[in-house]
Structure formats: C-alpha cells, structure tokens
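J.: My questions will all concern the structure given below.
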Amino acid sequence: MNFFNAAELYGEAILHESSFFYEFDVTDGFIRSDLHTKGSYDPFFGLKLCLPIGYDELNTIRRQKLNIIAETEKEAEYWTCEGLKKAYEEGMRSVGIHYHSDLLLLSWTATVVLAENPENGHLCALYMCRDITEIKNNDRIKREELVDTLEDARTARQTSVKLLYNMSHDIRDSLISIAGYADLAERHLDNPDKICEYIGKIRSAGSYINEVIDNAMDMARLENSEDTLNERPWNIHEFNDMIFLIFYDRIQDKNIDFKRTFRVNHENVLCDTKKLREVFCSILVDVLDKTPKGGKVSMSLVEIPTDRPGYVILKTVISDTSVDTTQKETELMLQGEGGRSNIAALVDILEGSFSVNCTEGYGRTFTIILPHRLAVAQEVVEPNSRSEDFNSEEFVDKRILLVEDNALNSEIAGATLEDIGFEVEFAEDGEACIEMLESMDAGYYDLVMMDLQLPNISGFEACRQIRAMDDPVKSTIPVVAVTIHTHDEAKAAAFESGMNGFLSKPVRVDKLIEIIRNIFN
C-alpha cells in the first residue's frame, strides 16, 4: 500500500535497527506486502505463512505455535487491530510491545507507528521489530553477576567477622598460656631448668599467635590457589607436643579427658609447619569448642607403611564427643565456613587427604593422612634453639643501626643485639634512618636492620634510597629486613629493593647470627 513514504520508512526502520518491518492497513486488518527483513532473518521461524495475512491472525498463530507472548496485558492488546485503533483514538501515534518466547529462547521489542491515510481515511501502521535476545541475555548476566557480587560481599563480611572472632579466641588462649607460664617462671626463679622450660613454652605460644596472624594475611593467597609449600626440617614429636600445649589451658578449663598416642618410627621430617599447624589447630579449636565439659577427645598419630622412597606417611585420627554437631556442619567447617581456614584446600596443598565421620549423638572422627619427606641428619634442627657456638668478642666494635617504629620491639631487639656484642643505635622510621646515615662518616655503621612497614618512608623505599647514595661505602652498607611479613612476595620485594638478608619476627638468635655471619664473611 506504501502509505508511508518509502525513504522515511527505511530510515525509521534502520534507525530502529529492525530485524524485520512491514506496513499494514489497521482498518481492514491485513498485511498484504512489503515484508522486509535484515539479512536472512525469518520472522515466522519456519512457519509456512503467506501474504496477505491478517494482523490478528498472524499474532494468534505466533502465540499458539511458537509460544510468543507479550510481557503485559496492555502490550498484548496492541497485537490486535482493535487495540491499535483504541490507542490511536486515545491520541497515541506509536505504541511499544515487548515480547518473548520461552520455546525459542528469544526476545523482541516492537514499535508500531500509527497514521491516518487521507485518501481513504483508513488507519495504517508501520510495524518495526528488533530481536533483543542478546541484549536481554547480557542484562540478565549482568544482573546475576551483580547479585553474585553482592552475595559474595555479604558472605565475605560475615566470614571476616567470624574470622576476627575466631582469631581473637585463638590469640586470647595463647596469651593466657603466656601469662600462666610467666607466673610459673616467676615462682621458680631458683630453678633454671624450670625457667628454661617455661620460656620455651612461652616462645611456642608466641609463635602460634604469629602463625594465626600470618594465616589471616595469607587467606586470599590460599583462596586464589597462589600458595605453595614452604618446607623445613621439624621434629614431629615436638610438633605434636607444641600443638597440645597451645590448647592445654582450654582442655583444663573444660575438664576434657584428652588422650594422646604416638607411634612413629621416623620423627624428623620436612614439612610446611605453618600449614600443618593451621590444619590441626583449626580442627582442634572446633573439637574443643563443640565437646561439652567433661567430654572426651583422643588424638593418635601413627606411621603407616609406604613404598615411596624417602617419604614417611603419617596418619592422625582425632575423635571427640561433640554430640550436637551434624555431618553437614562439620564438612562446612572443614571447607572454610565459619571464618576458619579452608582445611580442605590446605590438606590439598600438603598433598594429603582427610575425611570426617559424624555420628549424631556420639561424636565425630577426623582422619588426616599426610606424606612428609624424611629429613636427613644434617637438616634436623631443634625448634626455637638458641645458638651457643658464638663468642661475644666476635662482634665487638660492630655497630648496628636498628630501624623500628615499635618501642617495645626496638627495646627487645636492641637488648638481644647488645647481648651478642653489638653496639646499637636506633631510628624510629625510614626517614630518620636516611638522615642518620647521611650525617655520620662512611663506615660508622656496619649494618642496618630495618622493619619493612615503617611510617613516613617504608623499609623498601629507605633501602632504595640507601643504594642510591653517592658515597660508595654508605650505598653498599648491608641491610637486613626484619618483619612480621613472612610470605615469599615480601621476601622477594625486600631483596629487589636491595636488602641483603631477611628475618621474620619474632627473631631467633641462631638465625640472626647465621645471617650476620654470612654478611660479614
């Protein structure tokens, strides 16, 4: 019928990015000709339809055969000639229809432009339809991603709160142990052996606090599968004793009958003590929390046969009487729910396996099987040992510049260094360190020991500025990092900034002496 100007029709359709468009006479209700499509687009989707065809009939067939429906009842009215006439009488000169097909998994938006033919008074329409399936799918994906992001943020916040709660619980227990052993040491000042024993236990509890904090800092690395093994020699028997020591006060407070058995032929192994400790401590925290007062807990460690040369396989079984805990709750705990480490991921990194069996009304049994490389004799070290094979005269006339912003840490480290034989001077931040080095003669300081996290200028930046000094003696002074950040990235960044050594807090004297000797030699 070509009532609409052809140029305007095509221009309007192109502007609308139509997948197909056509004119029809609303008054007599028929689509007679001029059905235009974009490329090979088929608006009838395989239906054998021929023009002319009634507008109402076409939409009825599409609804019945292809399950194409309008999104609202009002829009469905515009699929009838009567609905379009009514809209025109109400002053509307174009209407919009949104529709979709669950059968075809497609969506469309249509605009119907209405105008009166002055030659015969008939109402005519230009129907322009656009396939918006891809747009709708993208919007749906974005909405789903937004919902997932919000849910992840909500879960992360809940996990963070639980993590902080559990961290405070673990740290508080260790601090109670430290205070208790400090009191015992004070009551046995006349017994050096007892004092040494209590100091060792205080040191173990302090190490565990450090491990708890390290674990919180490493959770993101673990979740992103960026964590790797960091093995070192260790004595499994002492490790087992240390784990028991951490929870000793809690066991006593709840009057828990805690039994341990230990049957191992090879005690000295290589293991990632940090991850190993986190596995057992996370399980034991939950076990001791869920076991009622006066309940029973058993922990057995046995060596099982293996044909793998150079390895030992250790099986640990922990049982409790947590009668109110379900299998599902326990499995969620193992997978990291409740703000604890993902024990499943940790065991996977350790190349081991674990299982849990929960019998409601009786308790649970955790089974952890882990492989360890055997440590050769020269690799075995005593944990927390103090080096005795040095002479304080060895470091006489050696002066260290200690850069530490925490007054207590500065006092402890300074006293340790002075006990070894060093003269010590102090700087409270990286900026003060640079000023002191620049103000003194070359060679005045023999060594800089520097925390990495400092106010004003970080340890990394301070070292870079030292290496850029004009004086060749000052620019090459040995610098040792001393930090709570023990992960590989911090170590790599320290060496990249120009540092010569790396020590983790709390500093072990034997490691300190070893690094200093290596630097001076």
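Chain identifiers are assigned as A, B, and so on, following the order in which chains appear in the structure tokens; residues are numbered from 1 within each chain, and ligands are numbered from 1 in order of appearance.
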Just list the residues in region 228-313 of chain A DSSP gives alpha helix (DSSP H) on the backbone, as an mmCIF file with N, CA, C and O atoms, in the first residue's frame.
T.:
data_model
loop_
_atom_site.group_PDB
_atom_site.id
_atom_site.type_symbol
_atom_site.label_atom_id
_atom_site.label_comp_id
_atom_site.auth_asym_id
_atom_site.auth_seq_id
_atom_site.Cartn_x
_atom_site.Cartn_y
_atom_site.Cartn_z
ATOM 1 N N ILE A 236 58.513 -34.200 64.509
ATOM 2 C CA ILE A 236 57.075 -34.415 64.621
ATOM 3 C C ILE A 236 56.641 -34.591 66.074
ATOM 4 O O ILE A 236 55.578 -34.134 66.482
ATOM 5 N N HIS A 237 57.452 -35.256 66.880
ATOM 6 C CA HIS A 237 57.089 -35.464 68.281
ATOM 7 C C HIS A 237 56.964 -34.118 68.997
ATOM 8 O O HIS A 237 55.994 -33.866 69.721
ATOM 9 N N GLU A 238 57.934 -33.239 68.770
ATOM 10 C CA GLU A 238 57.880 -31.926 69.410
ATOM 11 C C GLU A 238 56.734 -31.089 68.850
ATOM 12 O O GLU A 238 56.108 -30.303 69.571
ATOM 13 N N PHE A 239 56.477 -31.244 67.565
ATOM 14 C CA PHE A 239 55.355 -30.543 66.951
ATOM 15 C C PHE A 239 54.048 -30.970 67.608
ATOM 16 O O PHE A 239 53.194 -30.147 67.943
ATOM 17 N N ASN A 240 53.882 -32.259 67.809
ATOM 18 C CA ASN A 240 52.683 -32.779 68.452
ATOM 19 C C ASN A 240 52.546 -32.234 69.871
ATOM 20 O O ASN A 240 51.459 -31.836 70.305
ATOM 21 N N ASP A 241 53.664 -32.192 70.596
ATOM 22 C CA ASP A 241 53.641 -31.649 71.961
ATOM 23 C C ASP A 241 53.258 -30.177 71.955
ATOM 24 O O ASP A 241 52.508 -29.705 72.820
ATOM 25 N N MET A 242 53.793 -29.424 70.978
ATOM 26 C CA MET A 242 53.514 -27.988 70.905
ATOM 27 C C MET A 242 52.032 -27.730 70.623
ATOM 28 O O MET A 242 51.419 -26.839 71.223
ATOM 29 N N ILE A 243 51.435 -28.522 69.720
ATOM 30 C CA ILE A 243 50.008 -28.370 69.428
ATOM 31 C C ILE A 243 49.189 -28.617 70.694
ATOM 32 O O ILE A 243 48.253 -27.875 71.009
ATOM 33 N N PHE A 244 49.550 -29.654 71.448
ATOM 34 C CA PHE A 244 48.841 -29.960 72.695
ATOM 35 C C PHE A 244 49.008 -28.815 73.694
ATOM 36 O O PHE A 244 48.055 -28.430 74.383
ATOM 37 N N LEU A 245 50.203 -28.250 73.743
ATOM 38 C CA LEU A 245 50.488 -27.163 74.677
ATOM 39 C C LEU A 245 49.598 -25.949 74.417
ATOM 40 O O LEU A 245 49.104 -25.306 75.349
ATOM 41 N N ILE A 246 49.377 -25.654 73.148
ATOM 42 C CA ILE A 246 48.576 -24.486 72.786
ATOM 43 C C ILE A 246 47.179 -24.566 73.409
ATOM 44 O O ILE A 246 46.623 -23.554 73.857
ATOM 45 N N TYR A 248 46.284 -26.526 76.033
ATOM 46 C CA TYR A 248 46.301 -27.151 77.355
ATOM 47 C C TYR A 248 45.335 -26.455 78.326
ATOM 48 O O TYR A 248 44.550 -27.114 79.023
ATOM 49 N N ASP A 249 45.379 -25.107 78.363
ATOM 50 C CA ASP A 249 44.518 -24.382 79.306
ATOM 51 C C ASP A 249 43.040 -24.582 78.992
ATOM 52 O O ASP A 249 42.212 -24.723 79.901
ATOM 53 N N ARG A 250 42.708 -24.601 77.715
ATOM 54 C CA ARG A 250 41.308 -24.798 77.349
ATOM 55 C C ARG A 250 40.838 -26.200 77.741
ATOM 56 O O ARG A 250 39.707 -26.397 78.187
ATOM 57 N N ILE A 251 41.725 -27.167 77.557
ATOM 58 C CA ILE A 251 41.408 -28.547 77.951
ATOM 59 C C ILE A 251 41.161 -28.628 79.457
ATOM 60 O O ILE A 251 40.203 -29.264 79.916
ATOM 61 N N GLN A 252 42.007 -27.957 80.219
ATOM 62 C CA GLN A 252 41.858 -27.961 81.678
ATOM 63 C C GLN A 252 40.586 -27.245 82.110
ATOM 64 O O GLN A 252 39.869 -27.713 82.996
ATOM 65 N N ASP A 253 40.299 -26.102 81.486
ATOM 66 C CA ASP A 253 39.121 -25.317 81.872
ATOM 67 C C ASP A 253 37.825 -26.108 81.670
ATOM 68 O O ASP A 253 36.880 -25.981 82.450
ATOM 69 N N THR A 273 55.429 -26.327 58.338
ATOM 70 C CA THR A 273 54.889 -26.307 59.701
ATOM 71 C C THR A 273 53.736 -25.326 59.850
ATOM 72 O O THR A 273 52.817 -25.554 60.637
ATOM 73 N N LYS A 274 53.792 -24.235 59.106
ATOM 74 C CA LYS A 274 52.734 -23.231 59.205
ATOM 75 C C LYS A 274 51.390 -23.809 58.770
ATOM 76 O O LYS A 274 50.376 -23.687 59.477
ATOM 77 N N LYS A 275 51.362 -24.459 57.603
ATOM 78 C CA LYS A 275 50.109 -25.027 57.112
ATOM 79 C C LYS A 275 49.696 -26.240 57.952
ATOM 80 O O LYS A 275 48.516 -26.447 58.222
ATOM 81 N N LEU A 276 50.684 -27.030 58.349
ATOM 82 C CA LEU A 276 50.394 -28.205 59.165
ATOM 83 C C LEU A 276 49.756 -27.786 60.488
ATOM 84 O O LEU A 276 48.761 -28.364 60.940
ATOM 85 N N ARG A 277 50.326 -26.759 61.087
ATOM 86 C CA ARG A 277 49.793 -26.266 62.364
ATOM 87 C C ARG A 277 48.384 -25.727 62.178
ATOM 88 O O ARG A 277 47.505 -25.945 63.020
ATOM 89 N N GLU A 278 48.146 -25.046 61.059
ATOM 90 C CA GLU A 278 46.823 -24.474 60.823
ATOM 91 C C GLU A 278 45.770 -25.569 60.656
ATOM 92 O O GLU A 278 44.642 -25.435 61.136
ATOM 93 N N VAL A 279 46.131 -26.651 59.983
ATOM 94 C CA VAL A 279 45.192 -27.767 59.806
ATOM 95 C C VAL A 279 44.760 -28.310 61.161
ATOM 96 O O VAL A 279 43.568 -28.408 61.471
ATOM 97 N N PHE A 280 45.754 -28.671 61.996
ATOM 98 C CA PHE A 280 45.424 -29.317 63.268
ATOM 99 C C PHE A 280 44.808 -28.345 64.265
ATOM 100 O O PHE A 280 43.892 -28.709 65.005
ATOM 101 N N CYS A 281 45.286 -27.095 64.272
ATOM 102 C CA CYS A 281 44.717 -26.129 65.211
ATOM 103 C C CYS A 281 43.280 -25.783 64.841
ATOM 104 O O CYS A 281 42.435 -25.631 65.717
ATOM 105 N N SER A 282 42.985 -25.656 63.536
ATOM 106 C CA SER A 282 41.609 -25.354 63.127
ATOM 107 C C SER A 282 40.664 -26.483 63.531
ATOM 108 O O SER A 282 39.548 -26.241 63.987
ATOM 109 N N ILE A 283 41.121 -27.724 63.355
ATOM 110 C CA ILE A 283 40.279 -28.864 63.757
ATOM 111 C C ILE A 283 40.124 -28.904 65.274
ATOM 112 O O ILE A 283 39.015 -29.064 65.800
ATOM 113 N N LEU A 284 41.226 -28.728 66.007
ATOM 114 C CA LEU A 284 41.159 -28.830 67.467
ATOM 115 C C LEU A 284 40.363 -27.696 68.092
ATOM 116 O O LEU A 284 39.689 -27.896 69.113
ATOM 117 N N VAL A 285 40.434 -26.499 67.501
ATOM 118 C CA VAL A 285 39.606 -25.402 68.010
ATOM 119 C C VAL A 285 38.133 -25.788 67.938
ATOM 120 O O VAL A 285 37.366 -25.604 68.894
ATOM 121 N N ASP A 286 37.721 -26.334 66.802
ATOM 122 C CA ASP A 286 36.326 -26.735 66.645
ATOM 123 C C ASP A 286 35.984 -27.905 67.562
ATOM 124 O O ASP A 286 34.909 -27.938 68.180
ATOM 125 N N VAL A 287 36.902 -28.862 67.669
ATOM 126 C CA VAL A 287 36.683 -30.023 68.530
ATOM 127 C C VAL A 287 36.484 -29.592 69.983
ATOM 128 O O VAL A 287 35.543 -30.034 70.664
ATOM 129 N N LEU A 288 37.369 -28.721 70.467
ATOM 130 C CA LEU A 288 37.286 -28.303 71.878
ATOM 131 C C LEU A 288 36.106 -27.379 72.123
ATOM 132 O O LEU A 288 35.552 -27.341 73.228
ATOM 133 N N ASP A 289 35.704 -26.609 71.103
ATOM 134 C CA ASP A 289 34.520 -25.766 71.245
ATOM 135 C C ASP A 289 33.254 -26.608 71.344
ATOM 136 O O ASP A 289 32.357 -26.307 72.140
ATOM 137 N N LYS A 290 33.172 -27.661 70.520
ATOM 138 C CA LYS A 290 31.939 -28.448 70.444
ATOM 139 C C LYS A 290 31.873 -29.558 71.500
ATOM 140 O O LYS A 290 30.784 -30.068 71.775
#
J.: Which residues are close to Ile457 (chain A), i.e. within 10 Å by only C-alpha atoms, leaving aside same-chain residues fewer than 4 positions away? Reply as a list of chain:residue names.
T.: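 The contact residues come out as A:Asp429, A:Gly430, A:Glu431, A:Ala432, A:Cys433, A:Ile434, A:Leu452, A:Gln453, A:Glu461, A:Ala462, A:Cys463, A:Gln465.
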J.: Given the selection you just returned, output its residues as a file containing N, CA, C and O atoms, formatted as an mmCIF file, in the first residue's frame.
T.:
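This is the output file again23.cif:
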data_model
loop_
_atom_site.group_PDB
_atom_site.id
_atom_site.type_symbol
_atom_site.label_atom_id
_atom_site.label_comp_id
_atom_site.auth_asym_id
_atom_site.auth_seq_id
_atom_site.Cartn_x
_atom_site.Cartn_y
_atom_site.Cartn_z
ATOM 1 N N ASP A 429 62.063 5.515 62.082
ATOM 2 C CA ASP A 429 61.438 5.296 60.775
ATOM 3 C C ASP A 429 62.485 5.396 59.676
ATOM 4 O O ASP A 429 63.661 5.691 59.930
ATOM 5 N N GLY A 430 62.057 5.149 58.433
ATOM 6 C CA GLY A 430 62.983 5.160 57.315
ATOM 7 C C GLY A 430 63.604 6.520 57.072
ATOM 8 O O GLY A 430 64.769 6.627 56.668
ATOM 9 N N GLU A 431 62.830 7.567 57.303
ATOM 10 C CA GLU A 431 63.338 8.926 57.103
ATOM 11 C C GLU A 431 64.482 9.229 58.063
ATOM 12 O O GLU A 431 65.530 9.765 57.672
ATOM 13 N N ALA A 432 64.299 8.870 59.339
ATOM 14 C CA ALA A 432 65.351 9.080 60.339
ATOM 15 C C ALA A 432 66.582 8.239 60.018
ATOM 16 O O ALA A 432 67.724 8.674 60.227
ATOM 17 N N CYS A 433 66.367 7.039 59.493
ATOM 18 C CA CYS A 433 67.477 6.166 59.118
ATOM 19 C C CYS A 433 68.353 6.836 58.060
ATOM 20 O O CYS A 433 69.594 6.851 58.171
ATOM 21 N N ILE A 434 67.726 7.383 57.019
ATOM 22 C CA ILE A 434 68.473 8.055 55.951
ATOM 23 C C ILE A 434 69.256 9.245 56.512
ATOM 24 O O ILE A 434 70.435 9.442 56.188
ATOM 25 N N LEU A 452 60.108 -3.511 57.639
ATOM 26 C CA LEU A 452 59.636 -3.154 56.303
ATOM 27 C C LEU A 452 58.486 -2.159 56.355
ATOM 28 O O LEU A 452 58.370 -1.280 55.515
ATOM 29 N N GLN A 453 57.630 -2.305 57.366
ATOM 30 C CA GLN A 453 56.442 -1.447 57.468
ATOM 31 C C GLN A 453 56.738 -0.326 58.454
ATOM 32 O O GLN A 453 56.635 -0.489 59.667
ATOM 33 N N GLU A 461 61.512 1.516 50.501
ATOM 34 C CA GLU A 461 61.942 2.780 49.917
ATOM 35 C C GLU A 461 63.213 3.287 50.571
ATOM 36 O O GLU A 461 64.104 3.835 49.901
ATOM 37 N N ALA A 462 63.332 3.107 51.893
ATOM 38 C CA ALA A 462 64.539 3.542 52.593
ATOM 39 C C ALA A 462 65.765 2.815 52.045
ATOM 40 O O ALA A 462 66.832 3.418 51.837
ATOM 41 N N CYS A 463 65.625 1.509 51.778
ATOM 42 C CA CYS A 463 66.754 0.749 51.238
ATOM 43 C C CYS A 463 67.110 1.229 49.837
ATOM 44 O O CYS A 463 68.294 1.334 49.485
ATOM 45 N N GLN A 465 66.759 4.213 48.718
ATOM 46 C CA GLN A 465 67.460 5.493 48.853
ATOM 47 C C GLN A 465 68.896 5.291 49.338
ATOM 48 O O GLN A 465 69.804 6.025 48.931
#
J.: Quick one: residues within 12 Å of Asp183 (chain A), only C-alpha atoms counted, chain neighbours fewer than 5 positions away excluded, as a list in words?
T.: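 The residues satisfying every condition are Ile176, Ser177, Ile178, His188, Leu189, Lys194, Ile195, Tyr198, Ile199 and Ile202 of chain A.
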J.: Emit the selected residues as an mmCIF file, in the first residue's frame, including all heavy atoms.
T.:
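Result file follows (selection-v2.cif):
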data_model
loop_
_atom_site.group_PDB
_atom_site.id
_atom_site.type_symbol
_atom_site.label_atom_id
_atom_site.label_comp_id
_atom_site.auth_asym_id
_atom_site.auth_seq_id
_atom_site.Cartn_x
_atom_site.Cartn_y
_atom_site.Cartn_z
ATOM 1 N N ILE A 176 46.744 -16.242 77.421
ATOM 2 C CA ILE A 176 46.506 -16.782 78.762
ATOM 3 C C ILE A 176 47.617 -17.760 79.129
ATOM 4 O O ILE A 176 48.127 -17.766 80.265
ATOM 5 C CB ILE A 176 45.121 -17.464 78.830
ATOM 6 C CG1 ILE A 176 44.008 -16.405 78.739
ATOM 7 C CG2 ILE A 176 44.977 -18.273 80.120
ATOM 8 C CD1 ILE A 176 42.622 -17.006 78.578
ATOM 9 N N SER A 177 48.004 -18.603 78.136
ATOM 10 C CA SER A 177 49.099 -19.546 78.380
ATOM 11 C C SER A 177 50.401 -18.813 78.691
ATOM 12 O O SER A 177 51.143 -19.180 79.608
ATOM 13 C CB SER A 177 49.300 -20.442 77.158
ATOM 14 O OG SER A 177 48.162 -21.239 76.935
ATOM 15 N N ILE A 178 50.680 -17.767 77.931
ATOM 16 C CA ILE A 178 51.908 -16.992 78.153
ATOM 17 C C ILE A 178 51.922 -16.400 79.551
ATOM 18 O O ILE A 178 52.931 -16.468 80.275
ATOM 19 C CB ILE A 178 52.032 -15.890 77.076
ATOM 20 C CG1 ILE A 178 52.357 -16.520 75.722
ATOM 21 C CG2 ILE A 178 53.106 -14.877 77.453
ATOM 22 C CD1 ILE A 178 52.299 -15.552 74.555
ATOM 23 N N HIS A 188 59.521 -19.870 90.176
ATOM 24 C CA HIS A 188 60.623 -20.840 90.188
ATOM 25 C C HIS A 188 61.939 -20.177 89.774
ATOM 26 O O HIS A 188 62.718 -20.735 89.007
ATOM 27 C CB HIS A 188 60.316 -22.025 89.252
ATOM 28 C CG HIS A 188 59.171 -22.874 89.705
ATOM 29 N ND1 HIS A 188 57.862 -22.567 89.432
ATOM 30 C CD2 HIS A 188 59.135 -24.034 90.424
ATOM 31 C CE1 HIS A 188 57.066 -23.490 89.951
ATOM 32 N NE2 HIS A 188 57.818 -24.396 90.563
ATOM 33 N N LEU A 189 62.164 -18.972 90.257
ATOM 34 C CA LEU A 189 63.378 -18.251 89.884
ATOM 35 C C LEU A 189 64.650 -18.970 90.339
ATOM 36 O O LEU A 189 65.729 -18.741 89.787
ATOM 37 C CB LEU A 189 63.350 -16.837 90.475
ATOM 38 C CG LEU A 189 62.276 -15.893 89.905
ATOM 39 C CD1 LEU A 189 62.283 -14.562 90.644
ATOM 40 C CD2 LEU A 189 62.503 -15.677 88.418
ATOM 41 N N LYS A 194 63.534 -25.226 85.224
ATOM 42 C CA LYS A 194 62.110 -24.909 85.107
ATOM 43 C C LYS A 194 61.905 -23.617 84.311
ATOM 44 O O LYS A 194 61.016 -23.509 83.461
ATOM 45 C CB LYS A 194 61.480 -24.761 86.498
ATOM 46 C CG LYS A 194 61.184 -26.085 87.186
ATOM 47 C CD LYS A 194 59.980 -26.755 86.529
ATOM 48 C CE LYS A 194 59.576 -28.012 87.309
ATOM 49 N NZ LYS A 194 58.464 -28.717 86.629
ATOM 50 N N ILE A 195 62.743 -22.624 84.607
ATOM 51 C CA ILE A 195 62.614 -21.344 83.898
ATOM 52 C C ILE A 195 62.819 -21.547 82.399
ATOM 53 O O ILE A 195 62.068 -21.019 81.574
ATOM 54 C CB ILE A 195 63.621 -20.314 84.459
ATOM 55 C CG1 ILE A 195 63.204 -19.908 85.881
ATOM 56 C CG2 ILE A 195 63.694 -19.082 83.552
ATOM 57 C CD1 ILE A 195 64.156 -18.970 86.558
ATOM 58 N N TYR A 198 59.709 -23.148 80.934
ATOM 59 C CA TYR A 198 58.577 -22.226 80.792
ATOM 60 C C TYR A 198 58.827 -21.210 79.688
ATOM 61 O O TYR A 198 57.907 -20.842 78.942
ATOM 62 C CB TYR A 198 58.300 -21.529 82.121
ATOM 63 C CG TYR A 198 57.871 -22.479 83.222
ATOM 64 C CD1 TYR A 198 58.294 -22.290 84.543
ATOM 65 C CD2 TYR A 198 57.058 -23.567 82.946
ATOM 66 C CE1 TYR A 198 57.916 -23.163 85.550
ATOM 67 C CE2 TYR A 198 56.668 -24.447 83.950
ATOM 68 C CZ TYR A 198 57.098 -24.243 85.250
ATOM 69 O OH TYR A 198 56.727 -25.109 86.246
ATOM 70 N N ILE A 199 60.061 -20.758 79.553
ATOM 71 C CA ILE A 199 60.383 -19.812 78.483
ATOM 72 C C ILE A 199 60.160 -20.471 77.127
ATOM 73 O O ILE A 199 59.639 -19.851 76.188
ATOM 74 C CB ILE A 199 61.835 -19.298 78.618
ATOM 75 C CG1 ILE A 199 61.937 -18.357 79.826
ATOM 76 C CG2 ILE A 199 62.281 -18.584 77.338
ATOM 77 C CD1 ILE A 199 63.350 -17.894 80.119
ATOM 78 N N ILE A 202 56.490 -20.465 76.519
ATOM 79 C CA ILE A 202 56.049 -19.106 76.180
ATOM 80 C C ILE A 202 56.388 -18.793 74.729
ATOM 81 O O ILE A 202 55.591 -18.234 73.983
ATOM 82 C CB ILE A 202 56.700 -18.075 77.127
ATOM 83 C CG1 ILE A 202 56.093 -18.188 78.531
ATOM 84 C CG2 ILE A 202 56.537 -16.654 76.590
ATOM 85 C CD1 ILE A 202 56.807 -17.372 79.582
#
J.: What separation in Å, quoted to one decimal, exists between CA of Leu123 (chain A) and CA of Phe44 (chain A)?
T.: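 Interatomic distance here is 24.6 Å.
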J.: Mind pulling up the distance from CA of Phe247 (chain A) to CA of Ile209 (chain A)?
T.: 12.4 Å
J.: Counting only C-alpha atoms, which of A:Asn357, A:Asp148, A:Gly39, A:Ile31 gets nearest to Leu58 (chain A)?
T.: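 Under the stated criterion, the closest residue is A:Ile31.
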